[in-house]
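Data from model.csv: CSV, C-alpha atoms and all ligand atoms
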```
chain,number,residue,atom,x,y,z
A,1095,MET,CA,-40.6,-8.1,10.0
A,1096,ASN,CA,-37.9,-10.6,9.2
A,1097,PRO,CA,-39.0,-13.7,11.1
A,1098,PHE,CA,-35.3,-14.3,12.0
A,1099,ASP,CA,-35.0,-10.9,13.5
A,1100,ILE,CA,-36.0,-12.0,17.0
A,1101,GLN,CA,-33.2,-14.5,17.1
A,1102,LEU,CA,-30.6,-11.7,17.0
A,1103,HIS,CA,-29.6,-9.9,20.2
A,1104,TYR,CA,-29.8,-6.1,20.2
A,1105,PRO,CA,-27.7,-5.0,23.3
A,1106,LEU,CA,-29.0,-1.4,23.1
A,1107,GLY,CA,-32.6,-2.4,23.0
A,1108,GLU,CA,-34.8,0.2,21.4
A,1109,GLN,CA,-32.3,3.1,22.0
A,1110,LEU,CA,-31.5,5.2,19.0
A,1111,PRO,CA,-29.2,8.2,18.8
A,1112,GLY,CA,-31.4,11.4,18.8
A,1113,PRO,CA,-31.3,13.9,15.9
A,1114,GLY,CA,-28.0,15.8,16.0
A,1115,ALA,CA,-26.7,13.5,18.8
A,1116,THR,CA,-24.6,10.4,19.1
A,1117,LEU,CA,-24.7,7.2,21.2
A,1118,GLU,CA,-21.6,5.5,22.4
A,1119,VAL,CA,-21.8,1.8,21.5
A,1120,ALA,CA,-18.2,0.9,22.5
A,1121,PRO,CA,-15.3,2.9,24.0
A,1122,GLY,CA,-14.6,5.7,21.5
A,1123,VAL,CA,-17.2,4.4,19.0
A,1124,ARG,CA,-20.2,6.7,18.5
A,1125,TRP,CA,-23.3,5.9,16.5
A,1126,ILE,CA,-25.0,8.6,14.3
A,1127,ARG,CA,-28.4,7.9,12.6
A,1128,MET,CA,-29.3,10.2,9.6
A,1129,GLY,CA,-32.5,10.3,7.6
A,1130,LEU,CA,-32.6,9.2,3.9
A,1131,PRO,CA,-35.1,10.3,1.3
A,1132,PHE,CA,-35.9,6.6,0.2
A,1133,ALA,CA,-38.0,3.7,1.4
A,1134,LEU,CA,-34.8,2.8,3.3
A,1135,ASP,CA,-35.3,5.8,5.6
A,1136,HIS,CA,-32.0,6.0,7.5
A,1137,ILE,CA,-28.3,5.2,7.5
A,1138,ASN,CA,-26.0,4.6,10.4
A,1139,LEU,CA,-22.7,6.5,10.4
A,1140,TRP,CA,-19.9,6.1,12.9
A,1141,LEU,CA,-17.5,8.5,14.8
A,1142,LEU,CA,-14.3,6.9,16.0
A,1143,ARG,CA,-12.2,8.7,18.6
A,1144,ASP,CA,-8.8,9.0,16.9
A,1145,ARG,CA,-5.3,10.4,17.0
A,1146,LEU,CA,-3.5,10.9,13.7
A,1147,GLY,CA,0.0,12.4,13.2
A,1148,GLY,CA,0.0,13.5,16.9
A,1149,GLN,CA,-3.3,15.3,16.6
A,1150,GLU,CA,-6.4,14.3,18.7
A,1151,GLY,CA,-9.7,14.2,16.8
A,1152,TRP,CA,-12.2,11.9,15.1
A,1153,THR,CA,-12.5,9.5,12.2
A,1154,VAL,CA,-15.8,9.6,10.4
A,1155,VAL,CA,-17.1,6.3,8.8
A,1156,ASP,CA,-19.6,7.0,6.0
A,1157,CYS,CA,-21.2,10.2,5.1
A,1158,CYS,CA,-24.9,10.2,4.0
A,1159,VAL,CA,-26.1,11.6,0.6
A,1160,THR,CA,-25.6,15.2,-0.5
A,1161,ARG,CA,-28.6,17.1,0.7
A,1162,ASP,CA,-29.0,20.2,2.9
A,1163,GLU,CA,-30.7,18.2,5.7
A,1164,ALA,CA,-27.7,15.9,6.1
A,1165,LYS,CA,-25.3,18.9,6.1
A,1166,ALA,CA,-27.3,20.6,8.8
A,1167,HIS,CA,-27.4,17.3,10.8
A,1168,TRP,CA,-23.6,17.1,10.5
A,1169,GLU,CA,-23.2,20.7,11.6
A,1170,GLN,CA,-25.2,19.9,14.8
A,1171,ILE,CA,-22.9,16.9,15.5
A,1172,PHE,CA,-19.8,19.1,14.9
A,1173,ALA,CA,-21.1,21.7,17.4
A,1174,THR,CA,-22.0,19.4,20.2
A,1175,GLU,CA,-20.4,15.9,19.9
A,1176,LEU,CA,-16.8,16.4,18.9
A,1177,GLU,CA,-15.5,17.7,22.3
A,1178,GLY,CA,-14.0,20.6,20.4
A,1179,LEU,CA,-11.8,18.4,18.3
A,1180,PRO,CA,-11.5,18.2,14.5
A,1181,VAL,CA,-12.5,15.4,12.1
A,1182,LEU,CA,-9.1,14.0,11.0
A,1183,ARG,CA,-10.2,11.6,8.2
A,1184,VAL,CA,-13.2,10.2,6.4
A,1185,ILE,CA,-13.4,6.4,5.8
A,1186,VAL,CA,-16.0,5.3,3.3
A,1187,THR,CA,-17.0,1.6,3.3
A,1188,HIS,CA,-18.2,1.7,-0.4
A,1189,MET,CA,-19.4,3.9,-3.2
A,1190,HIS,CA,-23.2,3.9,-2.8
A,1191,PRO,CA,-24.6,7.4,-2.5
A,1192,ASP,CA,-25.8,7.1,1.1
A,1193,HIS,CA,-22.2,6.2,2.1
A,1194,ILE,CA,-20.0,8.5,-0.1
A,1195,GLY,CA,-22.4,11.3,-1.0
A,1196,LEU,CA,-21.1,13.9,1.4
A,1197,ALA,CA,-17.4,12.8,1.4
A,1198,HIS,CA,-16.5,15.8,-0.8
A,1199,TRP,CA,-18.1,18.2,1.6
A,1200,LEU,CA,-16.7,16.6,4.8
A,1201,CYS,CA,-13.2,16.4,3.4
A,1202,ALA,CA,-13.3,20.0,2.3
A,1203,ARG,CA,-14.9,21.2,5.5
A,1204,TRP,CA,-12.2,19.6,7.6
A,1205,GLN,CA,-9.3,19.6,5.1
A,1206,CYS,CA,-8.9,15.9,5.7
A,1207,PRO,CA,-8.3,12.9,3.5
A,1208,LEU,CA,-10.7,10.2,2.2
A,1209,TRP,CA,-9.8,6.6,2.8
A,1210,ILE,CA,-11.6,4.0,0.6
A,1211,SER,CA,-10.9,1.0,-1.6
A,1212,ALA,CA,-9.5,2.0,-5.0
A,1213,THR,CA,-12.2,0.1,-7.0
A,1214,ASP,CA,-15.0,1.9,-5.2
A,1215,TYR,CA,-13.2,5.3,-5.4
A,1216,TYR,CA,-12.9,5.1,-9.2
A,1217,THR,CA,-16.4,3.7,-9.6
A,1218,ALA,CA,-17.8,6.6,-7.6
A,1219,ARG,CA,-15.9,9.1,-9.6
A,1220,ILE,CA,-17.0,7.7,-13.0
A,1221,ASN,CA,-20.6,7.5,-11.8
A,1222,SER,CA,-20.5,11.0,-10.3
A,1223,GLU,CA,-19.1,12.5,-13.5
A,1224,ASN,CA,-20.9,10.3,-16.1
A,1225,ASP,CA,-23.6,7.9,-14.9
A,1226,ILE,CA,-23.0,4.4,-16.4
A,1227,SER,CA,-24.9,1.9,-14.3
A,1228,PHE,CA,-27.9,3.2,-12.4
A,1229,GLY,CA,-29.9,4.8,-15.1
A,1230,GLY,CA,-29.8,6.1,-18.7
A,1231,GLU,CA,-29.8,4.3,-22.0
A,1232,GLY,CA,-27.4,1.5,-21.0
A,1233,ALA,CA,-29.6,0.6,-18.0
A,1234,ALA,CA,-32.8,0.7,-20.1
A,1235,ARG,CA,-31.3,-1.6,-22.7
A,1236,PHE,CA,-30.1,-4.0,-20.1
A,1237,PHE,CA,-33.5,-4.2,-18.4
A,1238,ALA,CA,-35.2,-4.6,-21.8
A,1239,ALA,CA,-32.9,-7.5,-22.6
A,1240,HIS,CA,-34.0,-9.1,-19.3
A,1241,GLY,CA,-37.7,-8.8,-20.1
A,1242,LEU,CA,-38.7,-5.4,-18.7
A,1243,THR,CA,-40.6,-4.3,-21.8
A,1244,ASP,CA,-43.1,-1.8,-20.5
A,1245,ALA,CA,-42.3,1.4,-22.4
A,1246,ALA,CA,-43.3,3.8,-19.7
A,1247,SER,CA,-40.9,2.1,-17.1
A,1248,LEU,CA,-38.1,2.1,-19.6
A,1249,ASP,CA,-38.6,5.8,-20.3
A,1250,LYS,CA,-38.3,6.5,-16.6
A,1251,VAL,CA,-35.1,4.4,-16.4
A,1252,ARG,CA,-33.7,6.5,-19.3
A,1253,ALA,CA,-34.7,9.7,-17.5
A,1254,ARG,CA,-32.7,8.7,-14.4
A,1255,ALA,CA,-29.3,9.1,-16.0
A,1256,THR,CA,-28.2,11.6,-13.3
A,1257,TYR,CA,-29.6,9.4,-10.4
A,1258,TYR,CA,-26.2,8.8,-8.9
A,1259,ALA,CA,-24.7,12.3,-9.6
A,1260,ASP,CA,-27.7,14.0,-8.0
A,1261,MET,CA,-26.7,12.4,-4.7
A,1262,VAL,CA,-23.0,12.4,-5.3
A,1263,PRO,CA,-22.3,15.6,-7.2
A,1264,ALA,CA,-18.5,15.4,-6.5
A,1265,VAL,CA,-15.9,13.0,-5.1
A,1266,PRO,CA,-12.7,14.2,-3.4
A,1267,ALA,CA,-9.9,14.6,-6.0
A,1268,GLN,CA,-7.5,12.4,-4.0
A,1269,PHE,CA,-7.8,9.3,-1.8
A,1270,ARG,CA,-5.8,7.0,0.4
A,1271,ARG,CA,-6.3,3.3,-0.6
A,1272,LEU,CA,-7.8,0.7,1.7
A,1273,MET,CA,-7.3,-3.0,0.9
A,1274,GLY,CA,-8.5,-6.2,2.5
A,1275,GLY,CA,-5.9,-7.4,4.9
A,1276,ASP,CA,-4.7,-3.9,5.8
A,1277,SER,CA,-4.5,-3.0,9.5
A,1278,ILE,CA,-5.0,0.6,10.3
A,1279,ASP,CA,-4.5,2.4,13.6
A,1280,ILE,CA,-7.5,4.3,14.8
A,1281,GLY,CA,-7.2,5.9,18.2
A,1282,GLY,CA,-4.3,3.6,19.2
A,1283,ARG,CA,-6.1,0.4,18.3
A,1284,PRO,CA,-5.6,-1.8,15.2
A,1285,TRP,CA,-8.6,-2.1,12.9
A,1286,HIS,CA,-8.6,-4.8,10.3
A,1287,CYS,CA,-9.9,-4.1,6.7
A,1288,ILE,CA,-12.0,-6.9,5.3
A,1289,SER,CA,-12.9,-6.7,1.7
A,1290,GLY,CA,-16.3,-7.8,0.5
A,1291,TYR,CA,-17.7,-8.4,-3.0
A,1292,GLY,CA,-21.1,-8.7,-4.6
A,1293,HIS,CA,-22.8,-5.6,-3.1
A,1294,SER,CA,-20.3,-3.0,-4.4
A,1295,HIS,CA,-17.2,-3.8,-6.3
A,1296,GLU,CA,-14.8,-3.7,-3.3
A,1297,HIS,CA,-16.6,-3.0,0.0
A,1298,ILE,CA,-14.4,-2.5,3.1
A,1299,ALA,CA,-15.7,-3.6,6.5
A,1300,LEU,CA,-13.6,-2.7,9.6
A,1301,HIS,CA,-13.0,-5.1,12.5
A,1302,CYS,CA,-11.4,-4.1,15.8
A,1303,ASP,CA,-10.5,-7.2,17.8
A,1304,ALA,CA,-9.6,-5.3,21.0
A,1305,LEU,CA,-13.1,-3.7,21.0
A,1306,GLY,CA,-14.9,-6.8,19.7
A,1307,VAL,CA,-16.6,-4.5,17.1
A,1308,LEU,CA,-17.3,-5.0,13.4
A,1309,VAL,CA,-18.3,-2.0,11.3
A,1310,SER,CA,-20.1,-4.2,8.7
A,1311,GLY,CA,-21.3,-1.5,6.3
A,1312,ASP,CA,-23.9,-3.0,4.0
A,1313,MET,CA,-22.3,-6.5,3.9
A,1314,VAL,CA,-24.3,-7.8,6.9
A,1315,LEU,CA,-27.6,-6.1,7.9
A,1316,PRO,CA,-29.8,-7.4,10.6
A,1317,ARG,CA,-33.3,-7.1,9.1
A,1318,ILE,CA,-33.1,-6.8,5.4
A,1319,SER,CA,-31.0,-8.8,3.0
A,1320,THR,CA,-28.2,-6.8,1.3
A,1321,ASN,CA,-29.0,-5.7,-2.3
A,1322,VAL,CA,-27.0,-7.9,-4.7
A,1323,SER,CA,-27.5,-6.9,-8.3
A,1324,VAL,CA,-26.2,-7.3,-11.8
A,1325,HIS,CA,-25.7,-4.0,-13.5
A,1326,SER,CA,-25.6,-3.1,-17.2
A,1327,VAL,CA,-21.9,-2.3,-17.2
A,1328,GLU,CA,-21.0,-5.9,-16.2
A,1329,PRO,CA,-23.9,-7.8,-17.7
A,1330,GLU,CA,-22.5,-11.4,-17.1
A,1331,ALA,CA,-21.5,-10.9,-13.5
A,1332,ASP,CA,-22.2,-13.4,-10.7
A,1333,PRO,CA,-22.4,-11.1,-7.7
A,1334,LEU,CA,-24.5,-13.4,-5.5
A,1335,LYS,CA,-21.8,-16.0,-5.4
A,1336,ALA,CA,-19.3,-13.3,-4.6
A,1337,PHE,CA,-21.5,-12.0,-1.8
A,1338,LEU,CA,-22.1,-15.4,-0.2
A,1339,ASP,CA,-18.4,-16.2,-0.4
A,1340,SER,CA,-17.6,-12.8,1.2
A,1341,ILE,CA,-19.9,-13.2,4.2
A,1342,ASP,CA,-18.4,-16.6,4.8
A,1343,GLN,CA,-15.1,-14.9,5.3
A,1344,LEU,CA,-16.6,-13.1,8.4
A,1345,ARG,CA,-17.2,-16.5,10.1
A,1346,ARG,CA,-13.7,-16.3,11.5
A,1347,LEU,CA,-14.6,-13.4,13.7
A,1348,PRO,CA,-15.7,-14.2,17.3
A,1349,THR,CA,-19.4,-15.1,17.8
A,1350,ASP,CA,-19.9,-12.3,20.4
A,1351,THR,CA,-18.8,-9.6,18.0
A,1352,LEU,CA,-20.9,-6.4,18.2
A,1353,VAL,CA,-21.9,-5.8,14.6
A,1354,LEU,CA,-22.5,-2.2,13.6
A,1355,PRO,CA,-24.5,-2.3,10.4
A,1356,SER,CA,-25.3,0.7,8.0
A,1357,HIS,CA,-29.0,0.1,8.4
A,1358,GLY,CA,-30.9,-1.2,11.4
A,1359,LYS,CA,-29.6,-1.6,15.0
A,1360,PRO,CA,-26.3,-2.8,16.4
A,1361,PHE,CA,-26.6,-6.5,17.1
A,1362,ILE,CA,-24.8,-9.6,18.3
A,1363,GLY,CA,-25.3,-12.8,16.3
A,1364,LEU,CA,-23.0,-12.5,13.3
A,1365,HIS,CA,-22.7,-16.2,12.6
A,1366,LEU,CA,-26.5,-16.7,13.0
A,1367,ARG,CA,-27.1,-13.8,10.6
A,1368,ILE,CA,-24.7,-15.3,8.0
A,1369,ASP,CA,-26.6,-18.6,8.3
A,1370,GLN,CA,-29.9,-16.8,7.8
A,1371,LEU,CA,-28.6,-15.0,4.7
A,1372,HIS,CA,-27.4,-18.3,3.2
A,1373,ALA,CA,-30.8,-19.9,3.9
A,1374,HIS,CA,-32.7,-16.9,2.5
A,1375,HIS,CA,-30.8,-17.0,-0.8
A,1376,ARG,CA,-30.8,-20.8,-1.0
A,1377,ASP,CA,-34.6,-20.7,-0.8
A,1378,ARG,CA,-34.8,-17.9,-3.5
A,1379,LEU,CA,-32.4,-19.9,-5.8
A,1380,ASP,CA,-34.6,-23.0,-5.3
A,1381,ASP,CA,-37.7,-21.0,-6.3
A,1382,VAL,CA,-36.0,-19.6,-9.4
A,1383,LEU,CA,-34.7,-23.0,-10.4
A,1384,ALA,CA,-38.1,-24.6,-10.1
A,1385,ALA,CA,-39.8,-21.7,-12.0
A,1386,CYS,CA,-37.4,-22.0,-14.9
A,1387,ALA,CA,-37.6,-25.8,-14.9
A,1388,ARG,CA,-41.4,-25.4,-15.4
A,1389,LYS,CA,-41.0,-22.8,-18.2
A,1390,PRO,CA,-38.0,-20.9,-19.5
A,1391,GLY,CA,-38.2,-17.5,-17.8
A,1392,SER,CA,-36.6,-14.1,-18.0
A,1393,ALA,CA,-35.6,-11.9,-15.0
A,1394,ALA,CA,-38.8,-10.0,-15.4
A,1395,ASP,CA,-40.7,-13.3,-15.1
A,1396,MET,CA,-38.9,-13.9,-11.8
A,1397,LEU,CA,-40.1,-10.7,-10.1
A,1398,PRO,CA,-43.3,-12.3,-8.7
A,1399,VAL,CA,-41.3,-15.4,-7.8
A,1400,LEU,CA,-38.8,-13.4,-5.7
A,1401,PHE,CA,-41.0,-10.6,-4.5
A,1402,GLN,CA,-44.5,-11.2,-3.2
A,1403,ARG,CA,-45.4,-7.5,-3.0
A,1404,PRO,CA,-46.1,-4.7,-5.5
A,1405,LEU,CA,-43.0,-2.8,-6.6
A,1406,ASP,CA,-42.7,0.9,-7.7
A,1407,LEU,CA,-40.3,1.8,-10.5
A,1408,HIS,CA,-37.4,2.4,-8.1
A,1409,GLN,CA,-38.0,-0.9,-6.4
A,1410,THR,CA,-38.5,-2.7,-9.8
A,1411,THR,CA,-35.0,-1.6,-11.0
A,1412,PHE,CA,-33.4,-3.0,-7.8
A,1413,ALA,CA,-35.6,-6.1,-8.0
A,1414,MET,CA,-34.6,-6.7,-11.7
A,1415,GLY,CA,-30.9,-6.5,-10.7
A,1416,GLU,CA,-31.5,-9.0,-8.0
A,1417,ALA,CA,-33.5,-11.3,-10.2
A,1418,VAL,CA,-30.6,-11.3,-12.8
A,1419,ALA,CA,-28.2,-12.0,-10.0
A,1420,HIS,CA,-30.1,-15.1,-8.9
A,1421,LEU,CA,-30.5,-16.4,-12.4
A,1422,HIS,CA,-26.7,-15.8,-13.1
A,1423,THR,CA,-25.6,-17.8,-10.0
A,1424,LEU,CA,-27.6,-20.8,-11.3
A,1425,TRP,CA,-26.4,-20.2,-14.8
A,1426,HIS,CA,-22.7,-19.9,-13.8
A,1427,ALA,CA,-23.1,-23.1,-11.7
A,1428,GLY,CA,-24.4,-25.0,-14.7
A,1429,LYS,CA,-27.9,-25.5,-13.3
A,1430,LEU,CA,-29.6,-23.2,-15.8
A,1431,ARG,CA,-28.7,-22.5,-19.5
A,1432,ARG,CA,-29.7,-19.2,-21.1
A,1433,PHE,CA,-30.7,-18.3,-24.7
A,1434,ARG,CA,-32.2,-15.3,-26.4
A,1435,ASP,CA,-35.8,-15.6,-27.5
A,1436,GLY,CA,-37.4,-14.2,-30.7
A,1437,GLU,CA,-37.7,-10.7,-29.0
A,1438,GLY,CA,-34.0,-10.7,-28.0
A,1439,VAL,CA,-34.9,-11.3,-24.3
A,1440,TRP,CA,-32.6,-13.6,-22.2
A,1441,ARG,CA,-34.5,-16.6,-21.0
A,1442,PHE,CA,-33.2,-19.2,-18.6
A,1443,ALA,CA,-34.1,-22.9,-18.7
A,1444,GLY,CA,-33.2,-26.1,-16.8
A,1445,ALA,CA,-29.8,-27.2,-17.9
B,1501,ZN,ZN,-24.6,-0.1,-0.3
```

Entire entry expressed as structure tokens:
Amino acid sequence: MNPFDIQLHYPLGEQLPGPGATLEVAPGVRWIRMGLPFALDHINLWLLRDRLGGQEGWTVVDCCVTRDEAKAHWEQIFATELEGLPVLRVIVTHMHPDHIGLAHWLCARWQCPLWISATDYYTARINSENDISFGGEGAARFFAAHGLTDAASLDKVRARATYYADMVPAVPAQFRRLMGGDSIDIGGRPWHCISGYGHSHEHIALHCDALGVLVSGDMVLPRISTNVSVHSVEPEADPLKAFLDSIDQLRRLPTDTLVLPSHGKPFIGLHLRIDQLHAHHRDRLDDVLAACARKPGSAADMLPVLFQRPLDLHQTTFAMGEAVAHLHTLWHAGKLRRFRDGEGVWRFAGA
């Protein structure tokens, strides 16, 4: 368990929404918890009571991956939790498969629109139609250039070219654009869109001042630190700096905000959690800087520095992306320099 976890306040205690059921967490805001076929075994989705174009109904926030179990779970919710009203729109916080996977099915099922940031919409469409960043040859070459040289692992990365499309086989053909700073009316209350960077290209969190609620998506999670990775398609990126700057933007929200995260339980303690995440990454950056000062290192060399546990291939690819992200923050800040060694692997050394 995260040692900081006990410092956060979970107002619902151990309560979870049952399978096929919802739990009201604020007036008109209902929590759905769906299973996921990964080590991260669930995702939280939200139903917001809404009125759109004079019609009563619901807005769905996030969708789960495309799989039969998730569709069946949704059908149970539709049958028992919607008070006989339709879904009026689908809002997606960002383009990762567990969030956008079933948007195509939900939007077709209810003949309703998808609302999402433009960057994440197009990234989802490109990845759904032609994977560019989560597997395949490009990803294998990127990992090799960062020191993952084991041929069997690289073959598995190559073989995962359809990793994203398997979980997101389609994306709705049209969308309505959400941007940071937008205020949208949901059920007669204004909800503020807050853009966030570093986890996906343009993540949108939703804050309702009247309810004191933040739908934080993956930008602030209570127990795990958000994945922040460099991907092959943008190999010189500095997503960790973008992520840390983004969560600082959330400090202007009230301290008693009820945070509704995509994984874990609703909690109070947003500012404390932001402090914890900064401290966590500061420690990791210090460790990486010290390791590279001792001996120039690649991202693969940083895996045992950053992760003190055995990693399977899936976890290794995530961990490699994270290791490059930590190296790049130090490199872009001028604290490390990088060079290619005789094997063509990027190594980072004290500046
Ligand atoms: Zn995500």

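With all atoms listed in the file as the atoms that count, the minimum distance from A:Asn1138 to the choices A:Leu1315, A:Ile1341, A:Val1181, A:Val1327 is reached by A:Leu1315.
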
What does the structure give for the distance between atom CA of A:Leu1305 and atom CA of A:Asp1279, in Å to one decimal?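 Here the two named atoms are 12.9 Å from each other.
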
Ligand ZN 1501 (chain B): which residues are within 9 Å, counting all atoms listed in the file? Reply as a list in words.
Thr1187, His1188, Met1189, His1190, Pro1191, Asp1192, His1193, His1293, Ser1294, His1297, Gly1311, Asp1312, Met1313, Thr1320, Asn1321 and Ser1356 of chain A

Write the residues of the selection above to a file with C-alpha atoms, as a PDB file, in the frame of the given file.
```pdb
ATOM      1  CA  THR A1187     -17.000   1.600   3.300  1.00  0.00           C
ATOM      2  CA  HIS A1188     -18.200   1.700  -0.400  1.00  0.00           C
ATOM      3  CA  MET A1189     -19.400   3.900  -3.200  1.00  0.00           C
ATOM      4  CA  HIS A1190     -23.200   3.900  -2.800  1.00  0.00           C
ATOM      5  CA  PRO A1191     -24.600   7.400  -2.500  1.00  0.00           C
ATOM      6  CA  ASP A1192     -25.800   7.100   1.100  1.00  0.00           C
ATOM      7  CA  HIS A1193     -22.200   6.200   2.100  1.00  0.00           C
ATOM      8  CA  HIS A1293     -22.800  -5.600  -3.100  1.00  0.00           C
ATOM      9  CA  SER A1294     -20.300  -3.000  -4.400  1.00  0.00           C
ATOM     10  CA  HIS A1297     -16.600  -3.000   0.000  1.00  0.00           C
ATOM     11  CA  GLY A1311     -21.300  -1.500   6.300  1.00  0.00           C
ATOM     12  CA  ASP A1312     -23.900  -3.000   4.000  1.00  0.00           C
ATOM     13  CA  MET A1313     -22.300  -6.500   3.900  1.00  0.00           C
ATOM     14  CA  THR A1320     -28.200  -6.800   1.300  1.00  0.00           C
ATOM     15  CA  ASN A1321     -29.000  -5.700  -2.300  1.00  0.00           C
ATOM     16  CA  SER A1356     -25.300   0.700   8.000  1.00  0.00           C
TER      17      SER A1356
END
```

From the list A:Met1396, A:Leu1102, A:Ala1120, A:Ile1194, the nearest residue to A:Arg1317 using only C-alpha atoms is A:Leu1102

Could you give me, as a PyMOL selection string, the residues that have an atom at most 8 Å away from the point (-12.7, 5.9, 11.0) in the coordinates of the file, using all atoms listed in the file?
chain A and resi 1140-1142+1144+1152-1155+1183-1185+1280

For A:Leu1176, the closest of A:Ala1164, A:Ala1234, A:Leu1200, A:Ala1115 counting only C-alpha atoms is A:Ala1115

Which residues, written as a CSV table (one decimal) with C-alpha atoms, in the coordinates of the input, have at least one atom at most 10 Å from A:Arg1367, with all atoms listed in the file counted and residues fewer than 5 positions away on the same chain left out?
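Written output follows (result_12.csv):
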```
chain,number,residue,atom,x,y,z
A,1098,PHE,CA,-35.3,-14.3,12.0
A,1099,ASP,CA,-35.0,-10.9,13.5
A,1101,GLN,CA,-33.2,-14.5,17.1
A,1102,LEU,CA,-30.6,-11.7,17.0
A,1314,VAL,CA,-24.3,-7.8,6.9
A,1315,LEU,CA,-27.6,-6.1,7.9
A,1316,PRO,CA,-29.8,-7.4,10.6
A,1317,ARG,CA,-33.3,-7.1,9.1
A,1319,SER,CA,-31.0,-8.8,3.0
A,1341,ILE,CA,-19.9,-13.2,4.2
A,1361,PHE,CA,-26.6,-6.5,17.1
A,1362,ILE,CA,-24.8,-9.6,18.3
A,1372,HIS,CA,-27.4,-18.3,3.2
A,1373,ALA,CA,-30.8,-19.9,3.9
```

Contacts of stretch 1216-1223 of chain A within 9 Å, only C-alpha atoms, excl. fewer than 4 positions in-chain, as a list in words: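 The residues satisfying every condition are His1188, Met1189, His1190, Pro1191, Ile1194, Ser1211, Ala1212, Ser1227, Phe1228, Thr1256, Tyr1258, Ala1259, Asp1260, Met1261, Val1262, Pro1263, Ala1264, Val1265, Pro1266, Ala1267 and His1295 of chain A.
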
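Each of A:His1240, A:His1408, A:His1357, A:Arg1143 was checked against A:Arg1283 using all atoms listed in the file; the smallest atom-to-atom distance is that of A:Arg1143.
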
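Minimum distance to A:Leu1397 across A:Leu1242, A:His1426, A:Leu1383, A:Glu1175 (counting all atoms listed in the file) occurs at A:Leu1242.
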